[in-house]
>>> print(open('data31.txt').read())   # compact mmCIF, C-alpha atoms
# COMPACT_ATOMS: atom_id res chain seq x y z
CA ALA A 1 -16.13 0.25 0.16
CA ALA A 2 -18.73 2.99 -0.12
CA VAL A 3 -16.27 5.31 -1.87
CA VAL A 4 -15.22 2.62 -4.34
CA ALA A 5 -18.86 1.79 -5.09
CA ALA A 6 -19.75 5.48 -5.51
CA VAL A 7 -17.07 6.15 -8.15
CA ASP A 8 -17.93 5.18 -11.70
CA VAL A 9 -14.57 3.67 -12.59
CA ALA A 10 -15.37 3.20 -16.28
CA SER A 11 -16.27 6.87 -16.82
CA LEU A 12 -13.25 7.95 -14.78
CA ALA A 13 -10.96 5.78 -16.90
CA ALA A 14 -12.57 7.13 -20.06
CA HIS A 15 -12.00 10.69 -18.85
CA PHE A 16 -8.29 10.16 -18.17
CA GLY A 17 -7.85 8.35 -21.48
CA LEU A 18 -8.40 11.57 -23.42
CA LYS A 19 -6.81 15.00 -23.54
CA HIS A 20 -9.17 17.82 -22.62
CA ASP A 21 -9.39 21.48 -23.63
CA THR A 22 -8.25 23.36 -20.51
CA GLU A 23 -9.57 26.66 -21.86
CA ASP A 24 -13.18 25.51 -21.96
CA PRO A 25 -14.88 26.25 -18.59
CA ALA A 26 -17.13 23.18 -18.82
CA ALA A 27 -14.18 20.91 -19.61
CA LYS A 28 -12.15 22.51 -16.82
CA GLU A 29 -14.95 21.79 -14.34
CA ALA A 30 -15.25 18.19 -15.59
CA CYS A 31 -11.49 17.72 -15.16
CA LYS A 32 -11.63 19.11 -11.64
CA SER A 33 -14.49 16.77 -10.75
CA ALA A 34 -12.66 13.77 -12.23
CA GLU A 35 -9.48 14.62 -10.30
CA GLN A 36 -11.45 14.78 -7.04
CA ARG A 37 -12.99 11.37 -7.71
CA LYS A 38 -9.58 9.92 -8.56
CA GLU A 39 -8.07 11.39 -5.38
CA ALA A 40 -10.81 9.72 -3.35
CA LEU A 41 -10.57 6.39 -5.18
CA LEU A 42 -6.91 5.48 -4.58
CA PRO A 43 -6.97 5.81 -0.75
CA ALA A 44 -10.20 3.80 -0.71
CA LEU A 45 -8.62 1.02 -2.79
CA LEU A 46 -5.51 1.01 -0.59
CA GLY A 47 -7.78 0.83 2.44
CA ARG A 48 -9.54 -2.24 1.02
CA VAL A 49 -6.19 -3.99 0.63
CA GLU A 50 -5.15 -2.98 4.17
CA ARG A 51 -8.42 -4.28 5.65
CA TRP A 52 -8.03 -7.59 3.81
CA LEU A 53 -4.43 -7.95 5.00
CA GLU A 54 -5.58 -7.33 8.57
CA LEU A 55 -7.87 -10.36 8.24
CA MET A 56 -4.95 -12.54 7.17
CA ALA A 57 -2.17 -14.02 9.29
CA PRO A 58 1.20 -12.22 9.09
CA ALA A 59 3.10 -12.62 5.82
CA PRO A 60 4.25 -14.88 4.21
CA SER A 61 1.15 -16.84 5.26
CA CYS A 62 -1.95 -16.73 3.06
CA GLU A 63 -4.17 -18.13 5.80
CA SER A 64 -6.70 -16.21 7.86
CA ALA A 65 -5.75 -14.63 11.17
CA ALA A 66 -6.73 -16.38 14.38
CA GLY A 67 -10.48 -16.29 14.91
CA VAL A 68 -11.25 -15.04 11.38
CA VAL A 69 -13.20 -17.06 8.81
CA LEU A 70 -12.30 -15.79 5.35
CA ALA A 71 -14.42 -18.32 3.46
CA ASP A 72 -17.56 -16.23 4.08
CA LEU A 73 -15.92 -13.13 2.60
CA LEU A 74 -14.34 -14.68 -0.49
CA PRO A 75 -15.90 -14.67 -3.95
CA ALA A 76 -16.99 -18.12 -5.10
CA GLY A 77 -14.08 -20.34 -6.08
CA ALA A 78 -11.37 -17.85 -5.09
CA SER A 79 -8.65 -18.37 -2.52
CA ALA A 80 -7.59 -15.69 -0.06
CA LEU A 81 -4.45 -15.04 -2.12
CA GLN A 82 -6.41 -14.78 -5.39
CA HIS A 83 -8.79 -12.28 -3.80
CA LEU A 84 -5.83 -10.28 -2.47
CA GLU A 85 -4.25 -10.27 -5.93
CA GLY A 86 -7.52 -9.01 -7.41
CA LEU A 87 -7.71 -6.20 -4.85
CA TRP A 88 -4.08 -5.32 -5.54
CA ALA A 89 -4.69 -5.28 -9.31
CA SER A 90 -7.42 -2.67 -8.81
CA VAL A 91 -4.92 -0.52 -6.87
CA GLN A 92 -2.30 -0.90 -9.59
CA GLN A 93 -4.76 0.35 -12.23
CA TRP A 94 -5.00 3.75 -10.51
CA TYR A 95 -1.64 4.20 -8.78
CA ALA A 96 0.92 6.51 -10.39
CA ALA A 97 4.04 7.12 -8.30
CA ALA A 98 4.74 10.43 -10.01
CA ASP A 99 1.35 11.83 -8.94
CA ALA A 100 1.35 10.43 -5.40
CA ALA A 101 2.44 12.20 -2.23
CA HIS A 102 5.28 10.72 -0.16
CA GLU A 103 2.89 9.20 2.39
CA VAL A 104 0.85 7.50 -0.35
CA ARG A 105 4.03 6.16 -2.03
CA LEU A 106 5.22 4.78 1.32
CA ARG A 107 1.81 3.22 2.03
CA HIS A 108 1.73 1.71 -1.46
CA ALA A 109 5.27 0.32 -1.09
CA ARG A 110 4.43 -1.22 2.30
CA LEU A 111 1.31 -2.92 0.94
CA HIS A 112 3.17 -3.97 -2.23
CA SER A 113 5.73 -5.68 -0.02
CA GLN A 114 3.07 -7.56 1.92
CA VAL A 115 1.36 -8.75 -1.27
CA ARG A 116 4.64 -9.87 -2.87
CA ARG A 117 5.73 -11.70 0.29
CA ARG A 118 2.47 -13.64 0.28
CA GLN A 119 3.01 -14.50 -3.40
CA GLY A 120 6.35 -16.05 -2.48
CA ARG A 121 8.41 -13.21 -3.97
CA PRO A 122 10.21 -11.65 -0.98
CA GLY A 123 13.04 -10.27 -3.13
CA ALA A 124 10.62 -8.26 -5.24
CA ALA A 125 8.88 -7.16 -2.07
CA GLY A 126 11.78 -5.15 -0.74
CA ALA A 127 12.81 -3.20 -3.84
CA GLU A 128 10.01 -0.63 -3.90
CA LEU A 129 9.80 -0.47 -0.10
CA LEU A 130 13.50 0.30 0.22
CA LYS A 131 13.29 2.92 -2.54
CA ALA A 132 10.38 4.65 -0.81
CA MET A 133 12.07 4.51 2.59
CA LYS A 134 15.31 6.01 1.26
CA SER A 135 13.64 8.95 -0.47
CA CYS A 136 14.61 12.31 0.95
CA GLU A 137 11.01 13.43 1.45
CA GLY A 138 10.69 12.37 5.05
CA ALA A 139 11.36 9.71 7.61
CA PRO A 140 9.82 6.30 7.02
CA SER A 141 6.71 5.47 9.00
CA LYS A 142 6.74 2.98 11.83
CA LYS A 143 4.65 0.58 9.74
CA ALA A 144 7.17 0.78 6.87
CA LEU A 145 10.05 0.02 9.23
CA GLU A 146 8.15 -2.91 10.70
CA GLU A 147 7.43 -4.27 7.21
CA MET A 148 11.11 -4.00 6.24
CA LEU A 149 12.08 -5.69 9.50
CA ALA A 150 9.64 -8.56 8.82
CA LEU A 151 10.96 -8.89 5.27
CA CYS A 152 14.58 -9.09 6.46
CA GLU A 153 13.62 -11.70 9.05
CA GLN A 154 11.77 -13.75 6.40
CA LEU A 155 14.84 -13.70 4.15
CA GLY A 156 17.11 -14.64 7.06
CA TRP A 157 19.05 -11.38 6.91
CA GLU A 158 19.57 -11.06 10.65
CA HIS A 159 22.21 -8.32 10.35
CA TRP A 160 19.73 -6.13 8.43
CA ALA A 161 16.92 -7.09 10.79
CA ALA A 162 19.07 -5.88 13.71
CA TYR A 163 19.73 -2.63 11.83
CA TYR A 164 16.00 -1.98 11.27
CA ARG A 165 15.19 -2.88 14.89
CA ASP A 166 17.72 -0.28 16.06
CA LEU A 167 16.42 2.28 13.55
CA ARG A 168 12.84 1.68 14.71
CA LEU A 169 13.87 2.22 18.35
CA LYS A 170 15.80 5.36 17.43
CA GLN A 171 12.97 6.93 15.43
CA PHE A 172 10.12 5.65 17.59
CA PRO A 173 11.44 5.29 21.16
CA ALA A 174 9.36 3.44 23.70
CA LYS A 175 7.21 5.67 25.84
CA LEU A 176 8.50 5.46 29.36
CA SER A 177 6.76 6.83 32.41
CA LEU A 178 8.38 9.73 34.18
CA LEU A 179 10.00 8.94 37.52
>>> encode(input="data31.txt", output="structure tokens")
Amino acid sequence: AAVVAAVDVASLAAHFGLKHDTEDPAAKEACKSAEQRKEALLPALLGRVERWLELMAPAPSCESAAGVVLADLLPAGASALQHLEGLWASVQQWYAAADAAHEVRLRHARLHSQVRRRQGRPGAAGAELLKAMKSCEGAPSKKALEEMLALCEQLGWEHWAAYYRDLRLKQFPAKLSLL
């Protein structure tokens, strides 16, 4: 939250809305500074969405997790889902898949899936997640596999759920004590 509050989003948006002279040393320094602020902003926004999702019950529920009172944290007149959609909209303003590293794309896809599942759109949830998981840039994270498993279970696709359970065990075997 401190990073998001520290970044002047309006000036950052204004900076990226224009082309800049890359030969001018002052403009080059301003571009470098703006890129650093943008690189700090997106992970902070993704983190806000992750923290909010941690306070909610597992998808597709839009209720609070056990022992959590969301009413104190919500803006006046907003539901938990509306607040989540607002947080997600702020992420979407700054996310560009072409500029993001594989880990950021996978994190974005996982969170996108959780938001869409809570909106009642499980089909839309899996498209980007599956695309990110199948990219050749690395193995999917354990969290991404667990999200895909939960999505398949929500849709009733038990054969695919079994596949992702096996894949999760293969890529992330249980830690067993040595005999």
>>> residues_around(input="data31.txt", residues="A:Ala80", least_positions_apart="5", cutoff="10 Å", atoms="only C-alpha atoms", output="MDAnalysis selection string")
chainID A and resid 52:53 55:56 62:64 70:71 73:75 85:86
>>> residues_around(input="data31.txt", residues="A:Gly47", least_positions_apart="5", cutoff="12 Å", atoms="all atoms listed in the file", output="MDAnalysis selection string")
chainID A and resid 1:4 40:42 52:54 87:88 90:91 104 107:108 111
>>> atom_distance(input="data31.txt", atom1="atom CA of A:His112", atom2="atom CA of A:Arg37")
22.9 Å
>>> closest_residue(input="data31.txt", among="A:Ala59, A:Ala127, A:Ala98, A:Ala44", to="A:Glu146", atoms="all atoms listed in the file")
A:Ala59
>>> atom_distance(input="data31.txt", atom1="atom CA of A:Ala162", atom2="atom CA of A:Lys142")
15.3 Å
>>> atom_distance(input="data31.txt", atom1="atom CA of A:Leu145", atom2="atom CA of A:Gln82")
26.5 Å
>>> closest_residue(input="data31.txt", among="A:Ala125, A:Val68, A:Leu45, A:Ala78", to="A:Ala150", atoms="only C-alpha atoms")
A:Ala125
>>> closest_residue(input="data31.txt", among="A:Ala26, A:Ala144, A:Val7, A:Leu84", to="A:Glu39", atoms="only C-alpha atoms")
A:Val7
>>> closest_residue(input="data31.txt", among="A:Lys19, A:Lys143, A:Lys134, A:Gln114", to="A:Cys31", atoms="all atoms listed in the file")
A:Lys19
>>> closest_residue(input="data31.txt", among="A:Leu149, A:Arg118, A:Lys131, A:Glu35", to="A:Leu167", atoms="all atoms listed in the file")
A:Leu149
>>> residues_near_point(input="data31.txt", point="(9.9, -7.2, 0.2)", cutoff="10 Å", atoms="all atoms listed in the file", output="ChimeraX atom specification")
/A:109-118,120-130,147-152,154-155
>>> closest_residue(input="data31.txt", among="A:Asp166, A:Gln119, A:Ala101, A:Ala65", to="A:Leu81", atoms="all atoms listed in the file")
A:Gln119
